[in-house]
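Written below as structure tokens is the structure these notes are about.
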Amino acid sequence: MRLKDKVAVITGAGGGIGQAAAFLFAREGARVAVVDNNIEKGKGTVNKIAKEGGRAIFVKSDVSRTDEVKEIFKITRKEYGALHILYNNAAIFLPNLDGPITEITEETWEQILDVNLKGTFLCCKYGIPEIIRNGGGSVINTSSSAGIIGVPKCDAYTATKGAIISLTRSLAVEYAPEKVRVNCIVPCAVDTPMNVKSAKENPDFDEAKFLSTTPARRYGKPEEIAHVALFLASDEASYAIGGIFVVDGGVTIT
Ligand SMILES: NC(=O)c1ccc[n+]([C@@H]2O[C@H](COP(=O)([O-])OP(=O)(O)OC[C@H]3O[C@@H](n4cnc5c(N)ncnc54)[C@H](O)[C@@H]3O)[C@@H](O)[C@H]2O)c1
């Protein structure tokens, strides 16, 4: 029980990596607030946790909306009376709309920045004070390989993921003295609905070639990211501050 007595908010926990983290955190004793803008998916995660005997609530929230983000922390405090872990995982990747900067509409740019970057900003803005109120804890942000290497044809997405790394470092310095550890996970090629969608909608993507040049020679599983998040959420990571944890099967070293 590595998260016994802890309360965790996980955004985008209706599917993919966030869902895997919600299952894992609950199994490790955390009470989890499952946040998603998709009601069916979010409730599905909560129901499965309940079936396993874990504790979770669903909070329907679009992380790009101030009023809805405020509600996440109000409801979590009312339900569990505390907050120790904030996992900012929700994001969108829109391969059909995102692209080279000369071709992206302002509307698409704003849509992607609103969810990925403003969503992280809002959750930190309203979540960190709750963590401080409880004597400290852990914030885990989510970047991408696209935040550390050049990836063409998704310029809005890459801008958000690079910014999240910088934001993580600033927040880590700002809030470490208040016992809030802020770190960032950098996934790539993880087998989730987002990854499947991006491969399907990109006619230039050659899966066989990609896998043959990926050191791991396979996609990652959502659980393989969730386990790193579990470490960062737990007290075992007590000296990890401002770390950028690349978990990508070796994609970015080749
Ligand atoms: N899968 C990968 O290979 C990969 C690679 C690099 C980075 N990432 C990052 O990891 C994180 C999780 O990715 P995933 O592959 O599990 O994605 P996913 O699309 O499979 O799941 C994302 C979840 O977030 C929810 N969501 C979307 N917009 C939201 C909003 N505005 N408010 C609240 N919830 C919202 C979705 O409903 C969904 O349940 C993302 O930040 C993503 O950018 C993933």
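If you're wondering about the labels, chains in the structure tokens are A, B, ... by order shown, residues count from 1 in each chain, ligands from 1 in order shown.
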Write out as a VMD selection string all residues of region 27-217 of chain A that backbone DSSP assigns to strand (DSSP E or B).
chain A and resid 31 to 36 55 to 60 85 to 87 137 to 142 180 to 187 190
Protein and nucleic acid residues within 7 Å of ligand 1 (only C-alpha atoms and all ligand atoms) as an MDAnalysis selection string
chainID A and resid 11:18 35:38 41 61:64 89:93 115 142:145 186:195 222
Mind dumping the selected residues with N, CA, C and O atoms as a compact mmCIF listing (two decimals), in the first residue's frame?
```txt
# COMPACT_ATOMS: atom_id res chain seq x y z
N THR A 11 -6.31 13.70 -13.78
CA THR A 11 -7.11 14.22 -14.90
C THR A 11 -6.96 13.30 -16.11
O THR A 11 -5.92 12.67 -16.30
N GLY A 12 -8.02 13.24 -16.90
CA GLY A 12 -7.99 12.35 -18.06
C GLY A 12 -7.95 10.89 -17.64
O GLY A 12 -7.36 10.05 -18.33
N ALA A 13 -8.59 10.57 -16.52
CA ALA A 13 -8.52 9.21 -15.97
C ALA A 13 -9.61 8.30 -16.53
O ALA A 13 -9.80 7.19 -16.05
N GLY A 14 -10.33 8.78 -17.54
CA GLY A 14 -11.36 7.95 -18.17
C GLY A 14 -10.78 6.94 -19.15
O GLY A 14 -11.47 6.00 -19.56
N GLY A 15 -9.54 7.12 -19.54
CA GLY A 15 -8.97 6.20 -20.53
C GLY A 15 -7.46 6.23 -20.50
O GLY A 15 -6.85 7.02 -19.77
N GLY A 16 -6.86 5.38 -21.30
CA GLY A 16 -5.41 5.40 -21.52
C GLY A 16 -4.57 5.38 -20.25
O GLY A 16 -4.84 4.63 -19.31
N ILE A 17 -3.55 6.23 -20.24
CA ILE A 17 -2.58 6.25 -19.15
C ILE A 17 -3.23 6.68 -17.83
O ILE A 17 -2.96 6.11 -16.77
N GLY A 18 -4.11 7.69 -17.90
CA GLY A 18 -4.76 8.18 -16.68
C GLY A 18 -5.60 7.10 -16.02
O GLY A 18 -5.63 6.99 -14.79
N VAL A 35 -10.98 12.40 -12.89
CA VAL A 35 -11.45 13.58 -13.62
C VAL A 35 -11.42 13.29 -15.12
O VAL A 35 -10.41 12.81 -15.64
N ASP A 36 -12.52 13.57 -15.80
CA ASP A 36 -12.55 13.45 -17.25
C ASP A 36 -13.71 14.29 -17.78
O ASP A 36 -14.67 14.54 -17.05
N ASN A 37 -13.62 14.71 -19.03
CA ASN A 37 -14.76 15.43 -19.62
C ASN A 37 -15.73 14.47 -20.30
O ASN A 37 -16.77 14.87 -20.78
N ASN A 38 -15.37 13.19 -20.33
CA ASN A 38 -16.23 12.17 -20.91
C ASN A 38 -16.87 11.37 -19.77
O ASN A 38 -16.18 10.61 -19.07
N LYS A 41 -16.74 7.40 -19.90
CA LYS A 41 -15.40 6.85 -19.64
C LYS A 41 -15.00 7.03 -18.18
O LYS A 41 -14.47 6.12 -17.54
N SER A 61 -15.27 17.05 -15.60
CA SER A 61 -14.67 18.38 -15.71
C SER A 61 -13.86 18.49 -17.00
O SER A 61 -13.13 17.58 -17.38
N ASP A 62 -14.03 19.62 -17.65
CA ASP A 62 -13.16 19.98 -18.78
C ASP A 62 -12.04 20.83 -18.17
O ASP A 62 -12.30 21.91 -17.64
N VAL A 63 -10.82 20.31 -18.23
CA VAL A 63 -9.72 20.99 -17.51
C VAL A 63 -9.36 22.36 -18.09
O VAL A 63 -8.60 23.10 -17.49
N SER A 64 -9.93 22.69 -19.24
CA SER A 64 -9.63 24.01 -19.81
C SER A 64 -10.59 25.09 -19.27
O SER A 64 -10.45 26.25 -19.61
N ASN A 89 -2.70 14.76 -16.33
CA ASN A 89 -2.48 13.82 -17.43
C ASN A 89 -3.33 14.13 -18.66
O ASN A 89 -2.96 13.80 -19.78
N ALA A 90 -4.47 14.79 -18.48
CA ALA A 90 -5.40 15.04 -19.60
C ALA A 90 -4.74 15.88 -20.68
O ALA A 90 -4.03 16.84 -20.40
N ALA A 91 -4.98 15.50 -21.91
CA ALA A 91 -4.49 16.29 -23.05
C ALA A 91 -5.22 15.85 -24.30
O ALA A 91 -5.85 14.79 -24.32
N ILE A 92 -5.14 16.69 -25.34
CA ILE A 92 -5.67 16.29 -26.64
C ILE A 92 -4.55 16.36 -27.68
O ILE A 92 -3.63 17.18 -27.58
N PHE A 93 -4.67 15.46 -28.64
CA PHE A 93 -3.76 15.44 -29.79
C PHE A 93 -4.67 15.36 -31.00
O PHE A 93 -5.44 14.41 -31.12
N VAL A 115 -6.56 23.09 -23.60
CA VAL A 115 -6.66 21.82 -22.85
C VAL A 115 -5.31 21.44 -22.26
O VAL A 115 -5.18 21.19 -21.06
N THR A 142 2.52 16.11 -17.37
CA THR A 142 2.74 15.19 -18.50
C THR A 142 3.19 15.93 -19.75
O THR A 142 2.46 16.76 -20.29
N SER A 143 4.39 15.62 -20.18
CA SER A 143 4.89 16.15 -21.44
C SER A 143 4.77 15.04 -22.49
O SER A 143 3.84 14.21 -22.45
N SER A 144 5.69 15.00 -23.41
CA SER A 144 5.68 14.02 -24.50
C SER A 144 7.07 14.06 -25.14
O SER A 144 7.79 15.05 -25.01
N SER A 145 7.39 13.01 -25.89
CA SER A 145 8.63 13.07 -26.67
C SER A 145 8.62 14.32 -27.55
O SER A 145 9.66 14.94 -27.80
N VAL A 186 7.58 12.06 -19.35
CA VAL A 186 7.65 12.26 -20.80
C VAL A 186 7.42 10.92 -21.49
O VAL A 186 8.36 10.14 -21.70
N PRO A 187 6.17 10.61 -21.83
CA PRO A 187 5.91 9.32 -22.50
C PRO A 187 6.07 9.44 -24.01
O PRO A 187 6.12 10.53 -24.57
N CYS A 188 6.15 8.28 -24.64
CA CYS A 188 6.06 8.23 -26.11
C CYS A 188 5.62 6.82 -26.50
O CYS A 188 6.01 5.84 -25.86
N ALA A 189 4.86 6.74 -27.57
CA ALA A 189 4.48 5.45 -28.17
C ALA A 189 3.87 4.48 -27.16
O ALA A 189 4.29 3.33 -27.05
N VAL A 190 2.88 4.97 -26.45
CA VAL A 190 2.18 4.13 -25.48
C VAL A 190 0.85 3.72 -26.10
O VAL A 190 0.15 4.55 -26.69
N ASP A 191 0.53 2.46 -25.97
CA ASP A 191 -0.66 1.91 -26.62
C ASP A 191 -1.94 2.36 -25.91
O ASP A 191 -2.41 1.73 -24.97
N THR A 192 -2.48 3.49 -26.36
CA THR A 192 -3.70 4.08 -25.77
C THR A 192 -4.59 4.54 -26.92
O THR A 192 -4.14 4.62 -28.08
N PRO A 193 -5.85 4.92 -26.61
CA PRO A 193 -6.71 5.46 -27.68
C PRO A 193 -6.06 6.64 -28.42
O PRO A 193 -6.18 6.76 -29.63
N MET A 194 -5.32 7.50 -27.69
CA MET A 194 -4.69 8.65 -28.35
C MET A 194 -3.65 8.20 -29.37
O MET A 194 -3.57 8.70 -30.49
N ASN A 195 -2.88 7.20 -28.99
CA ASN A 195 -1.81 6.72 -29.85
C ASN A 195 -2.37 6.02 -31.09
O ASN A 195 -1.91 6.23 -32.21
N PRO A 222 0.08 1.34 -21.03
CA PRO A 222 -0.27 2.43 -20.12
C PRO A 222 0.24 2.19 -18.70
O PRO A 222 0.68 3.11 -18.02
```
Can you pull out every residue within 10 Å of region 239-246 of chain A, counting only C-alpha atoms, but drop anything in the same chain fewer than 2 positions away, and send it as a ChimeraX atom specification?
/A:138-145,148,165-173,175-176,179-188,225,228-229,231-232,235-237,248-252
List the neighbours of His84 (chain A) out to 9 Å using only C-alpha atoms; skip same-chain residues closer than 5 positions along the sequence, and give me the result as a ChimeraX atom specification.
/A:6-9,130-132,134-139,180,233
What does the distance between CA of Leu24 (chain A) and CA of Asn47 (chain A) come to in Å, to one decimal place?
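Interatomic distance, CA of Leu24 (chain A) to CA of Asn47 (chain A): 14.2 Å.
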Shell around region 52-59 of chain A at 9 Å using only C-alpha atoms, local window under 3 positions removed, as a list in words:
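Returned residues: Ala22, Phe23, Ala26, Arg27, Glu28, Gly29, Ala30, Arg31, Val32, Ala33, Val34, Val35, Asp36, Asn37, Ile39, Gly42, Lys43, Thr45, Val46, Asn47, Lys48, Ile49, Glu71, Ile72, Ile75, Thr76 and Glu79 of chain A.
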So which bits of region 2-205 of chain A end up alpha helix (DSSP H) when you DSSP the backbone, as number ranges by chain?
A: 16-27, 39-51, 66-80, 106-112, 119-133, 155-175, 193-200
Excluding same-chain residues fewer than 5 positions from Glu103 (chain A), what lies within 10 Å of it counting only C-alpha atoms, as a ChimeraX atom specification?
/A:97-98,153,155
What does the distance between CA of Cys124 (chain A) and CA of Ile112 (chain A) come to in Å, to one decimal place?
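CA of Ile112 (chain A) lies at a distance of 17.8 Å from CA of Cys124 (chain A).
Picture a line from CA of Val69 (chain A) to CA of Leu122 (chain A); it runs 6.7 Å.
When only C-alpha atoms are used to compute distances to Pro152 (chain A), the closest of the residues A:Gly81, A:Pro177, A:Gly99, A:Pro215 turns out to be A:Gly99.
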Find the nearest atom pair between each residue of region 68-170 of chain A and region 196-201 of chain A for residues within 9 Å, count only C-alpha atoms, give distances in Å to one decimal, sort rows by chain and ascending number, and present the table as CSV.
```
residue,atom,partner,partner_atom,distance
A:Phe93,CA,A:Ser198,CA,7.5
A:Leu94,CA,A:Ser198,CA,7.6
A:Pro95,CA,A:Ser198,CA,5.9
A:Asn96,CA,A:Glu201,CA,6.8
```
Quick one: of A:Ile85, A:Ile128, A:Ala146, A:Leu117, who's nearest to Leu3 (chain A), counting only C-alpha atoms?
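Once distances to Leu3 (chain A) are computed over only C-alpha atoms, the minimum belongs to A:Ile85.
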Taking into account only C-alpha atoms, which residue in the set A:Asp204, A:Tyr157, A:Leu86, A:Ile104 is nearest to Pro129 (chain A)?
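Checking each of A:Asp204, A:Tyr157, A:Leu86, A:Ile104 against Pro129 (chain A), counting only C-alpha atoms, the winner is A:Leu86.
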